[in-house]
Every structure is written in C-alpha cells, then in structure tokens.
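Heads up, run.cif below (mmCIF, C-alpha atoms and all ligand atoms):
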```
data_data
#
loop_
_atom_site.group_PDB
_atom_site.id
_atom_site.type_symbol
_atom_site.label_atom_id
_atom_site.label_comp_id
_atom_site.auth_asym_id
_atom_site.auth_seq_id
_atom_site.Cartn_x
_atom_site.Cartn_y
_atom_site.Cartn_z
ATOM 1 C CA MET X 963 65.392 166.817 -19.094
ATOM 2 C CA PHE X 964 62.705 168.670 -17.173
ATOM 3 C CA ILE X 965 59.123 167.399 -17.530
ATOM 4 C CA THR X 966 56.140 168.860 -15.693
ATOM 5 C CA PHE X 967 52.691 167.349 -15.258
ATOM 6 C CA GLU X 968 49.586 169.501 -15.036
ATOM 7 C CA GLY X 969 45.846 168.977 -14.789
ATOM 8 C CA VAL X 970 42.802 169.354 -12.574
ATOM 9 C CA GLU X 971 42.337 167.460 -9.304
ATOM 10 C CA GLY X 972 42.093 163.704 -9.797
ATOM 11 C CA SER X 973 43.578 163.715 -13.306
ATOM 12 C CA GLY X 974 46.103 161.008 -12.410
ATOM 13 C CA LYS X 975 49.343 162.998 -12.473
ATOM 14 C CA THR X 976 50.836 161.205 -9.506
ATOM 15 C CA THR X 977 50.226 157.763 -11.046
ATOM 16 C CA GLN X 978 51.704 158.782 -14.403
ATOM 17 C CA ILE X 979 54.784 160.338 -12.813
ATOM 18 C CA ALA X 980 55.473 157.174 -10.809
ATOM 19 C CA ARG X 981 55.033 154.998 -13.900
ATOM 20 C CA LEU X 982 57.206 157.187 -16.095
ATOM 21 C CA ALA X 983 59.952 157.347 -13.452
ATOM 22 C CA ALA X 984 59.901 153.546 -13.156
ATOM 23 C CA ARG X 985 60.131 153.148 -16.930
ATOM 24 C CA LEU X 986 62.979 155.627 -17.249
ATOM 25 C CA ARG X 987 64.884 153.849 -14.473
ATOM 26 C CA ALA X 988 64.228 150.494 -16.153
ATOM 27 C CA GLU X 989 65.776 151.959 -19.314
ATOM 28 C CA GLY X 990 68.911 152.740 -17.349
ATOM 29 C CA ARG X 991 68.352 156.339 -16.296
ATOM 30 C CA GLN X 992 69.073 156.232 -12.578
ATOM 31 C CA ASP X 993 69.193 159.991 -12.340
ATOM 32 C CA VAL X 994 65.421 160.559 -12.323
ATOM 33 C CA LEU X 995 64.055 162.790 -9.592
ATOM 34 C CA THR X 996 60.312 162.960 -8.946
ATOM 35 C CA THR X 997 59.052 165.973 -7.051
ATOM 36 C CA ARG X 998 56.010 168.202 -6.673
ATOM 37 C CA GLU X 999 54.695 171.698 -6.031
ATOM 38 C CA PRO X 1000 53.831 172.971 -3.583
ATOM 39 C CA GLY X 1001 55.618 171.093 -0.831
ATOM 40 C CA ASP X 1002 59.192 169.988 -1.611
ATOM 41 C CA GLY X 1003 61.537 169.976 1.390
ATOM 42 C CA PRO X 1004 60.933 171.319 4.899
ATOM 43 C CA LEU X 1005 60.331 174.920 3.768
ATOM 44 C CA GLY X 1006 58.066 173.738 0.958
ATOM 45 C CA GLN X 1007 56.044 171.661 3.402
ATOM 46 C CA GLU X 1008 55.459 174.714 5.588
ATOM 47 C CA LEU X 1009 54.461 176.838 2.586
ATOM 48 C CA ARG X 1010 52.178 174.079 1.273
ATOM 49 C CA ARG X 1011 50.394 173.915 4.608
ATOM 50 C CA LEU X 1012 49.892 177.700 4.611
ATOM 51 C CA VAL X 1013 48.158 177.569 1.214
ATOM 52 C CA LEU X 1014 46.202 174.328 1.379
ATOM 53 C CA ASP X 1015 45.433 174.129 5.088
ATOM 54 C CA PRO X 1016 45.734 177.649 6.531
ATOM 55 C CA PRO X 1017 45.119 178.435 10.206
ATOM 56 C CA MET X 1018 41.451 178.126 11.051
ATOM 57 C CA GLY X 1019 39.330 181.134 10.220
ATOM 58 C CA VAL X 1020 41.905 182.773 7.914
ATOM 59 C CA ASP X 1021 40.514 183.960 4.591
ATOM 60 C CA VAL X 1022 43.627 183.784 2.385
ATOM 61 C CA ASP X 1023 43.875 186.649 -0.088
ATOM 62 C CA PRO X 1024 44.396 185.403 -3.699
ATOM 63 C CA LEU X 1025 47.513 187.520 -4.206
ATOM 64 C CA ALA X 1026 48.945 186.304 -0.891
ATOM 65 C CA GLU X 1027 48.162 182.751 -2.040
ATOM 66 C CA LEU X 1028 50.020 183.322 -5.326
ATOM 67 C CA LEU X 1029 53.061 184.798 -3.582
ATOM 68 C CA ILE X 1030 53.310 181.880 -1.137
ATOM 69 C CA LEU X 1031 53.182 179.446 -4.098
ATOM 70 C CA LEU X 1032 55.871 181.483 -5.847
ATOM 71 C CA ALA X 1033 58.053 181.410 -2.729
ATOM 72 C CA ASP X 1034 57.707 177.622 -2.783
ATOM 73 C CA ARG X 1035 58.626 177.579 -6.488
ATOM 74 C CA ALA X 1036 61.653 179.853 -6.076
ATOM 75 C CA GLN X 1037 63.063 177.630 -3.305
ATOM 76 C CA HIS X 1038 62.205 174.460 -5.237
ATOM 77 C CA VAL X 1039 63.941 175.602 -8.433
ATOM 78 C CA ALA X 1040 67.001 177.021 -6.678
ATOM 79 C CA ARG X 1041 67.627 174.232 -4.185
ATOM 80 C CA THR X 1042 66.207 171.082 -5.832
ATOM 81 C CA ILE X 1043 65.353 171.255 -9.547
ATOM 82 C CA ARG X 1044 68.220 173.373 -10.875
ATOM 83 C CA PRO X 1045 70.982 171.501 -9.015
ATOM 84 C CA HIS X 1046 69.600 168.165 -10.237
ATOM 85 C CA LEU X 1047 69.403 169.338 -13.861
ATOM 86 C CA ASP X 1048 72.904 170.820 -13.604
ATOM 87 C CA GLY X 1049 74.133 167.377 -12.532
ATOM 88 C CA ASN X 1050 72.645 166.014 -15.795
ATOM 89 C CA GLY X 1051 69.699 164.438 -14.011
ATOM 90 C CA SER X 1052 66.084 164.337 -15.170
ATOM 91 C CA VAL X 1053 63.297 165.920 -13.163
ATOM 92 C CA LEU X 1054 59.622 164.930 -13.265
ATOM 93 C CA CYS X 1055 57.562 167.524 -11.423
ATOM 94 C CA ASP X 1056 53.927 167.267 -10.313
ATOM 95 C CA ARG X 1057 52.644 170.817 -11.065
ATOM 96 C CA TYR X 1058 54.771 173.884 -11.823
ATOM 97 C CA ALA X 1059 54.345 177.415 -13.171
ATOM 98 C CA ASP X 1060 51.306 176.590 -15.337
ATOM 99 C CA SER X 1061 49.343 175.653 -12.200
ATOM 100 C CA SER X 1062 49.696 179.222 -10.932
ATOM 101 C CA LEU X 1063 48.384 180.554 -14.243
ATOM 102 C CA ALA X 1064 45.482 178.096 -14.270
ATOM 103 C CA TYR X 1065 44.477 178.245 -10.575
ATOM 104 C CA GLN X 1066 45.405 181.769 -9.494
ATOM 105 C CA GLY X 1067 44.895 183.327 -12.940
ATOM 106 C CA TYR X 1068 41.970 181.586 -14.641
ATOM 107 C CA GLY X 1069 40.543 180.227 -11.363
ATOM 108 C CA ARG X 1070 40.914 183.174 -8.988
ATOM 109 C CA GLY X 1071 40.999 185.951 -11.585
ATOM 110 C CA LEU X 1072 44.482 187.397 -10.958
ATOM 111 C CA ASP X 1073 46.141 189.083 -13.930
ATOM 112 C CA LEU X 1074 47.704 186.497 -16.275
ATOM 113 C CA ALA X 1075 50.520 188.726 -17.551
ATOM 114 C CA GLU X 1076 51.566 189.560 -13.962
ATOM 115 C CA ILE X 1077 51.609 185.853 -13.049
ATOM 116 C CA GLU X 1078 53.726 185.091 -16.120
ATOM 117 C CA ARG X 1079 56.193 187.786 -15.124
ATOM 118 C CA LEU X 1080 56.357 186.586 -11.519
ATOM 119 C CA ASN X 1081 56.701 182.960 -12.656
ATOM 120 C CA ALA X 1082 59.667 183.911 -14.821
ATOM 121 C CA TYR X 1083 61.257 185.707 -11.851
ATOM 122 C CA ALA X 1084 60.582 182.896 -9.346
ATOM 123 C CA THR X 1085 61.921 180.201 -11.700
ATOM 124 C CA ARG X 1086 64.879 182.315 -12.909
ATOM 125 C CA GLY X 1087 63.511 181.569 -16.363
ATOM 126 C CA LEU X 1088 63.582 177.781 -16.050
ATOM 127 C CA THR X 1089 60.988 176.409 -18.509
ATOM 128 C CA PRO X 1090 60.136 172.698 -18.843
ATOM 129 C CA ASP X 1091 61.311 170.772 -21.930
ATOM 130 C CA LEU X 1092 57.893 169.138 -21.960
ATOM 131 C CA THR X 1093 54.635 169.714 -20.096
ATOM 132 C CA VAL X 1094 52.114 166.893 -20.010
ATOM 133 C CA LEU X 1095 48.557 168.134 -19.576
ATOM 134 C CA LEU X 1096 46.281 165.373 -18.316
ATOM 135 C CA ASP X 1097 43.003 166.821 -19.485
ATOM 136 C CA LEU X 1098 39.869 165.759 -17.657
ATOM 137 C CA ASP X 1099 36.362 166.974 -16.897
ATOM 138 C CA PRO X 1100 36.796 168.254 -13.321
ATOM 139 C CA ALA X 1101 33.467 166.673 -12.306
ATOM 140 C CA VAL X 1102 35.051 163.293 -13.089
ATOM 141 C CA GLY X 1103 38.336 164.184 -11.376
ATOM 142 C CA LEU X 1104 36.712 165.472 -8.197
ATOM 143 C CA ALA X 1105 34.492 162.383 -8.018
ATOM 144 C CA ARG X 1106 37.644 160.224 -8.048
ATOM 145 C CA GLN X 1107 38.792 161.607 -4.698
ATOM 146 C CA ARG X 1108 37.493 162.961 -1.424
ATOM 147 C CA ALA X 1109 37.927 166.741 -1.023
ATOM 148 C CA ARG X 1110 40.731 167.311 1.516
ATOM 149 C CA THR X 1111 42.317 170.679 0.785
ATOM 150 C CA ARG X 1112 41.033 174.235 0.475
ATOM 151 C CA MET X 1113 41.494 174.029 -3.287
ATOM 152 C CA GLU X 1114 39.654 170.744 -3.712
ATOM 153 C CA LYS X 1115 36.709 172.206 -1.803
ATOM 154 C CA GLU X 1116 36.299 175.020 -4.348
ATOM 155 C CA ALA X 1117 33.111 175.005 -6.460
ATOM 156 C CA LEU X 1118 32.950 172.974 -9.662
ATOM 157 C CA ALA X 1119 32.774 176.227 -11.678
ATOM 158 C CA PHE X 1120 36.225 177.156 -10.300
ATOM 159 C CA HIS X 1121 37.680 173.829 -11.418
ATOM 160 C CA GLN X 1122 36.038 174.239 -14.813
ATOM 161 C CA ARG X 1123 37.801 177.596 -15.241
ATOM 162 C CA VAL X 1124 41.058 175.890 -14.232
ATOM 163 C CA ARG X 1125 40.558 173.140 -16.828
ATOM 164 C CA ASP X 1126 39.730 175.640 -19.589
ATOM 165 C CA GLY X 1127 42.708 177.701 -18.430
ATOM 166 C CA PHE X 1128 45.108 174.789 -18.852
ATOM 167 C CA LEU X 1129 43.754 174.158 -22.374
ATOM 168 C CA ASP X 1130 44.231 177.848 -23.214
ATOM 169 C CA ILE X 1131 47.785 177.899 -21.867
ATOM 170 C CA ALA X 1132 48.581 174.748 -23.874
ATOM 171 C CA ALA X 1133 47.118 176.250 -27.042
ATOM 172 C CA ARG X 1134 49.439 179.236 -26.615
ATOM 173 C CA ALA X 1135 52.570 177.053 -26.236
ATOM 174 C CA PRO X 1136 51.805 174.000 -28.413
ATOM 175 C CA SER X 1137 55.422 172.922 -28.875
ATOM 176 C CA ARG X 1138 55.973 172.553 -25.104
ATOM 177 C CA PHE X 1139 52.700 170.747 -24.372
ATOM 178 C CA LEU X 1140 51.419 167.231 -24.823
ATOM 179 C CA ILE X 1141 47.681 167.060 -24.096
ATOM 180 C CA LEU X 1142 46.370 163.620 -23.148
ATOM 181 C CA ASP X 1143 42.832 162.497 -22.435
ATOM 182 C CA ALA X 1144 42.957 161.530 -18.758
ATOM 183 C CA ALA X 1145 39.576 159.785 -18.940
ATOM 184 C CA GLN X 1146 41.406 156.856 -20.583
ATOM 185 C CA SER X 1147 42.900 154.031 -18.521
ATOM 186 C CA ALA X 1148 46.229 154.681 -16.805
ATOM 187 C CA ASP X 1149 47.813 152.160 -19.224
ATOM 188 C CA ALA X 1150 46.514 154.031 -22.267
ATOM 189 C CA VAL X 1151 47.768 157.376 -20.913
ATOM 190 C CA ALA X 1152 51.205 155.898 -20.144
ATOM 191 C CA ASP X 1153 51.439 154.375 -23.658
ATOM 192 C CA ALA X 1154 50.502 157.684 -25.273
ATOM 193 C CA LEU X 1155 53.067 159.537 -23.188
ATOM 194 C CA TRP X 1156 56.135 157.369 -23.806
ATOM 195 C CA PRO X 1157 56.853 158.181 -27.501
ATOM 196 C CA ARG X 1158 56.972 161.894 -26.748
ATOM 197 C CA VAL X 1159 59.269 161.374 -23.758
ATOM 198 C CA SER X 1160 61.590 159.226 -25.880
ATOM 199 C CA PHE X 1161 61.660 161.996 -28.450
ATOM 200 C CA VAL X 1162 62.556 164.640 -25.851
ATOM 201 C CA LEU X 1163 65.236 162.322 -24.432
ATOM 202 C CA GLY X 1164 66.736 161.811 -27.839
ATOM 203 C CA ALA X 1165 66.722 165.486 -28.717
ATOM 204 C CA PRO X 1166 70.092 167.220 -28.487
HETATM 205 P P1 LIG X 1201 47.768 168.409 -4.213
HETATM 206 O O1 LIG X 1201 47.078 167.763 -3.061
HETATM 207 O O2 LIG X 1201 49.206 168.096 -4.459
HETATM 208 O O3 LIG X 1201 46.875 168.188 -5.472
HETATM 209 P P2 LIG X 1201 47.154 167.443 -6.809
HETATM 210 O O4 LIG X 1201 47.374 166.004 -6.413
HETATM 211 O O5 LIG X 1201 45.895 167.669 -7.597
HETATM 212 O O6 LIG X 1201 48.362 168.097 -7.410
HETATM 213 O O7 LIG X 1201 47.607 169.959 -4.015
HETATM 214 C C1 LIG X 1201 48.125 170.885 -4.837
HETATM 215 C C2 LIG X 1201 47.078 171.954 -4.917
HETATM 216 O O8 LIG X 1201 47.689 173.223 -5.049
HETATM 217 C C3 LIG X 1201 46.132 171.763 -6.082
HETATM 218 O O9 LIG X 1201 44.825 171.931 -5.623
HETATM 219 C C4 LIG X 1201 46.492 172.899 -7.003
HETATM 220 C C5 LIG X 1201 47.098 173.925 -6.103
HETATM 221 N N1 LIG X 1201 48.104 174.786 -6.746
HETATM 222 C C6 LIG X 1201 47.766 176.068 -7.107
HETATM 223 O O10 LIG X 1201 46.615 176.508 -6.890
HETATM 224 N N2 LIG X 1201 48.689 176.856 -7.721
HETATM 225 C C7 LIG X 1201 49.972 176.431 -7.945
HETATM 226 O O11 LIG X 1201 50.803 177.184 -8.486
HETATM 227 C C8 LIG X 1201 50.312 175.094 -7.565
HETATM 228 C C9 LIG X 1201 51.705 174.578 -7.795
HETATM 229 C C10 LIG X 1201 49.358 174.299 -6.958
#
```

Representation of the structure as structure tokens:
Amino acid sequence: MFITFEGVEGSGKTTQIARLAARLRAEGRQDVLTTREPGDGPLGQELRRLVLDPPMGVDVDPLAELLILLADRAQHVARTIRPHLDGNGSVLCDRYADSSLAYQGYGRGLDLAEIERLNAYATRGLTPDLTVLLDLDPAVGLARQRARTRMEKEALAFHQRVRDGFLDIAARAPSRFLILDAAQSADAVADALWPRVSFVLGAP
C-alpha cells in the first residue's frame, strides 16, 4: 500500500503521517515506512538542500528546480519506495508527484502536461493507491510556522495558486484522492482519514 500526503505549508501532513503510522503499527502492520520528498537518503538530502536552501545569491531557474526535484523522486522511488513495496511493505510519503504539479506547475507556471510526463518517467509509473490532500487556506498554514525555506518565503499569492492547484489535481483524479479539511483538529483529521485507509488496506 502506497499512500501520499499533500497540501500547502503548515497543513499538518507530518503530524498525520506519524499518527497513521503509529495506528497501523498498533494494528499489527510492522512493515510501515514513513518517508518524504524531497530529502530521503544522503543523495536526497543534498538535492533537497539545492532546492530549498541554494548557495547564496543563486536565482534557481524553475525548470532546474523541477529537474532537481525529479532527480530526488527517481532515486527515492528506485532505491527506497519500490523495494519496500516489493517486500509487501506499506509506504506513507510526505509529498510526491502531485507536489511538483502544484508547486512547479500551478505555482511557478511550468507546463502541466510536461510535468505529468516527467513525473511518470521519474517514478517509472508508480502511482499512489491513495493520496490524502490536507486542504487549508495557505494564510492559516503559513501563520502556523516560521518561514525557513525558499518555498515558504514565496508570496501568499503563490501559495494560493498551489492550494487551488492541488484542488484541481484532486478533482481530475477523484478516485485516488481523499480531501480533508485541515483546519479541523488533528484528532478530527485522523478520524476522518482512518476509514478510507482501512478500505484501501482491505482492497485486493
Ligand atoms: P518541507 O520543509 O518538507 O515542507 P513541508 O513540511 O510543507 O512538506 O519542504 C518541502 C518543500 O518542497 C515544500 O515547500 C514544497 C516543496 N516541493 C516542491 O516545490 N515540489 C515538489 O515536487 C516537492 C516534493 C516539494
């Protein structure tokens, strides 16, 4: 089972992933791997730093940014996610291909069809069984945390395009997505999430 979590900054993905992993383990699934993009493993950490905290004074080109994120994704799928799934494990991933569509496509204005094509290539066609979109007004999300990275320092209008982008992507693939209102308490989000996860687990 491969579940991805998406949403704007401060939408609570990290909290929900930790809670879901704990619940799955409590139910006897010891094979749960939690991971994230960008930044898994030593190569991922280097690539993450290049995108989110580039050398001082460097104006990163949007296409270069996308390709670095895709390099991270290709390595992540090939060396971490795929092997774990092949061993019958479950993977919970904080951001995945939809983040590139939302941030580099809707946010930065790169061509959506090109990003979809490149995502398919970088992931070797690996699509999540379920994608949880924690939907939140980015003004609320950004207020929840202090801006640390290049992306978090982007204007509110950028984050609004990203939020609308995620909703658009979800509307185009309704069977893969579960959209939850991330303005609710963490308990309420976790309770709303569990029935759908149980369903995916039970599916053949
Ligand atoms: P992170 O600090 O992990 O943020 P969050 O906790 O919100 O996930 O940083 C990940 C950042 O990278 C986030 O700002 C979104 C951005 N990103 C993209 O722009 N495109 C992508 O394809 C991915 C995976 C992440």

Excluding segment 970-980 of chain X and any residue of its chain fewer than 6 positions from it, enumerate the residues within 9 Å of it, using only C-alpha atoms, and give them as a short mmCIF file (atom, residue, chain, number, x, y, z; two decimals) with C-alpha atoms, in the coordinates of the input.
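Once written, out.cif looks like this:
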```cif
data_model
loop_
_atom_site.label_atom_id
_atom_site.label_comp_id
_atom_site.auth_asym_id
_atom_site.auth_seq_id
_atom_site.Cartn_x
_atom_site.Cartn_y
_atom_site.Cartn_z
CA THR X 996 60.31 162.96 -8.95
CA LEU X 1054 59.62 164.93 -13.26
CA CYS X 1055 57.56 167.52 -11.42
CA ASP X 1056 53.93 167.27 -10.31
CA ARG X 1057 52.64 170.82 -11.06
CA VAL X 1094 52.11 166.89 -20.01
CA LEU X 1095 48.56 168.13 -19.58
CA LEU X 1096 46.28 165.37 -18.32
CA ASP X 1097 43.00 166.82 -19.48
CA LEU X 1098 39.87 165.76 -17.66
CA ASP X 1099 36.36 166.97 -16.90
CA PRO X 1100 36.80 168.25 -13.32
CA VAL X 1102 35.05 163.29 -13.09
CA GLY X 1103 38.34 164.18 -11.38
CA LEU X 1104 36.71 165.47 -8.20
CA ALA X 1105 34.49 162.38 -8.02
CA ARG X 1106 37.64 160.22 -8.05
CA GLN X 1107 38.79 161.61 -4.70
CA MET X 1113 41.49 174.03 -3.29
CA GLU X 1114 39.65 170.74 -3.71
CA HIS X 1121 37.68 173.83 -11.42
CA GLN X 1122 36.04 174.24 -14.81
CA VAL X 1124 41.06 175.89 -14.23
CA ARG X 1125 40.56 173.14 -16.83
CA PHE X 1128 45.11 174.79 -18.85
CA ALA X 1144 42.96 161.53 -18.76
CA ALA X 1145 39.58 159.78 -18.94
CA ALA X 1148 46.23 154.68 -16.80
CA VAL X 1151 47.77 157.38 -20.91
CA ALA X 1152 51.20 155.90 -20.14
CA LEU X 1155 53.07 159.54 -23.19
#
```

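Here atom CA of Phe964 of chain X is placed at a distance of 8.8 Å from atom CA of Gly1051 of chain X.
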
Running the PyMOL selection byres (((chain X and resi 1000-1002) around 12) and not hetatm) on this model by hand, what would come out? Give it as a PDB file with C-alpha atoms, keeping the file's coordinate frame.
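Saved as expr-v6.pdb:
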```pdb
ATOM      1  CA  LEU X 995      64.055 162.790  -9.592  1.00  0.00           C
ATOM      2  CA  THR X 996      60.312 162.960  -8.946  1.00  0.00           C
ATOM      3  CA  THR X 997      59.052 165.973  -7.051  1.00  0.00           C
ATOM      4  CA  ARG X 998      56.010 168.202  -6.673  1.00  0.00           C
ATOM      5  CA  GLU X 999      54.695 171.698  -6.031  1.00  0.00           C
ATOM      6  CA  GLY X1003      61.537 169.976   1.390  1.00  0.00           C
ATOM      7  CA  PRO X1004      60.933 171.319   4.899  1.00  0.00           C
ATOM      8  CA  LEU X1005      60.331 174.920   3.768  1.00  0.00           C
ATOM      9  CA  GLY X1006      58.066 173.738   0.958  1.00  0.00           C
ATOM     10  CA  GLN X1007      56.044 171.661   3.402  1.00  0.00           C
ATOM     11  CA  GLU X1008      55.459 174.714   5.588  1.00  0.00           C
ATOM     12  CA  LEU X1009      54.461 176.838   2.586  1.00  0.00           C
ATOM     13  CA  ARG X1010      52.178 174.079   1.273  1.00  0.00           C
ATOM     14  CA  ARG X1011      50.394 173.915   4.608  1.00  0.00           C
ATOM     15  CA  LEU X1012      49.892 177.700   4.611  1.00  0.00           C
ATOM     16  CA  VAL X1013      48.158 177.569   1.214  1.00  0.00           C
ATOM     17  CA  LEU X1014      46.202 174.328   1.379  1.00  0.00           C
ATOM     18  CA  GLU X1027      48.162 182.751  -2.040  1.00  0.00           C
ATOM     19  CA  LEU X1028      50.020 183.322  -5.326  1.00  0.00           C
ATOM     20  CA  LEU X1029      53.061 184.798  -3.582  1.00  0.00           C
ATOM     21  CA  ILE X1030      53.310 181.880  -1.137  1.00  0.00           C
ATOM     22  CA  LEU X1031      53.182 179.446  -4.098  1.00  0.00           C
ATOM     23  CA  LEU X1032      55.871 181.483  -5.847  1.00  0.00           C
ATOM     24  CA  ALA X1033      58.053 181.410  -2.729  1.00  0.00           C
ATOM     25  CA  ASP X1034      57.707 177.622  -2.783  1.00  0.00           C
ATOM     26  CA  ARG X1035      58.626 177.579  -6.488  1.00  0.00           C
ATOM     27  CA  ALA X1036      61.653 179.853  -6.076  1.00  0.00           C
ATOM     28  CA  GLN X1037      63.063 177.630  -3.305  1.00  0.00           C
ATOM     29  CA  HIS X1038      62.205 174.460  -5.237  1.00  0.00           C
ATOM     30  CA  VAL X1039      63.941 175.602  -8.433  1.00  0.00           C
ATOM     31  CA  ALA X1040      67.001 177.021  -6.678  1.00  0.00           C
ATOM     32  CA  ARG X1041      67.627 174.232  -4.185  1.00  0.00           C
ATOM     33  CA  THR X1042      66.207 171.082  -5.832  1.00  0.00           C
ATOM     34  CA  ILE X1043      65.353 171.255  -9.547  1.00  0.00           C
ATOM     35  CA  CYS X1055      57.562 167.524 -11.423  1.00  0.00           C
ATOM     36  CA  ASP X1056      53.927 167.267 -10.313  1.00  0.00           C
ATOM     37  CA  ARG X1057      52.644 170.817 -11.065  1.00  0.00           C
ATOM     38  CA  TYR X1058      54.771 173.884 -11.823  1.00  0.00           C
ATOM     39  CA  ALA X1059      54.345 177.415 -13.171  1.00  0.00           C
ATOM     40  CA  SER X1061      49.343 175.653 -12.200  1.00  0.00           C
ATOM     41  CA  SER X1062      49.696 179.222 -10.932  1.00  0.00           C
TER      42      SER X1062
END
```

Would you translate the PyMOL selection byres (((chain X and resi 1070-1084) around 7) and not hetatm) into the concrete set of residues it matches in this file, as a ChimeraX atom specification? /X:1024,1032,1035-1036,1059,1063,1065-1069,1085-1087

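Between atom CA of Ala983 of chain X and atom P1 of ligand LIG 1201 (chain X) lies a distance of 18.9 Å.
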
Residues at most 9 Å from Met963 of chain X, counting only C-alpha atoms, excluding those fewer than 4 positions away in the same chain, as number ranges by chain? X: 1047, 1050-1054, 1090-1092, 1162-1163

Given the selection you just returned, output its residues as a file containing C-alpha atoms, formatted as a CSV table (one decimal), in the frame of the given file.
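Result file selection_2.csv:
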```
chain,number,residue,atom,x,y,z
X,1047,LEU,CA,69.4,169.3,-13.9
X,1050,ASN,CA,72.6,166.0,-15.8
X,1051,GLY,CA,69.7,164.4,-14.0
X,1052,SER,CA,66.1,164.3,-15.2
X,1053,VAL,CA,63.3,165.9,-13.2
X,1054,LEU,CA,59.6,164.9,-13.3
X,1090,PRO,CA,60.1,172.7,-18.8
X,1091,ASP,CA,61.3,170.8,-21.9
X,1092,LEU,CA,57.9,169.1,-22.0
X,1162,VAL,CA,62.6,164.6,-25.9
X,1163,LEU,CA,65.2,162.3,-24.4
```

One-decimal distance in Å that lies between atom CA of Ala1064 of chain X and atom CA of Gly969 of chain X: 9.1 Å

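When only C-alpha atoms and all ligand atoms are used to measure the gap to ligand LIG 1201 (chain X), the shortest distance among X:Phe1139, X:Asp1060, X:Ser1147, X:Asp1153 belongs to X:Asp1060.
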
Size and centre in Å, one decimal, axis-aligned box, all listed ligand LIG 1201 (chain X) atoms plus 8 Å per side, as lines of an AutoDock Vina configuration file:
```
center_x = 48.3
center_y = 171.6
center_z = -5.8
size_x = 22.9
size_y = 27.2
size_z = 21.4
```

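Minimum atom-to-atom distance to ligand LIG 1201 (chain X), evaluated using only C-alpha atoms and all ligand atoms, belongs to X:Arg1110 out of X:Arg987, X:Arg1110, X:Arg981, X:His1046.
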
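Using only C-alpha atoms, the nearest neighbour of Ser1137 of chain X within the list X:Asp1048, X:Gly1019, X:Phe967, X:Thr1093 is X:Thr1093.
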
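Of the listed residues (X:Thr966, X:Thr1089, X:Gln992, X:Thr1111), X:Thr1111 comes nearest to ligand LIG 1201 (chain X); the distances count all atoms listed in the file.
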
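Comparing the minimum interatomic distances between ligand LIG 1201 (chain X) and each of X:Ala1119, X:Ala1109, X:Asp1126, X:Glu989, counting all atoms listed in the file, we find that X:Ala1109 sits nearest.
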
Let me make sure I understand: among X:Ile1131, X:Asp993, X:Glu1116, X:Ala988, which one has the smallest atom-to-atom distance to ligand LIG 1201 (chain X) if we use all atoms listed in the file? X:Glu1116
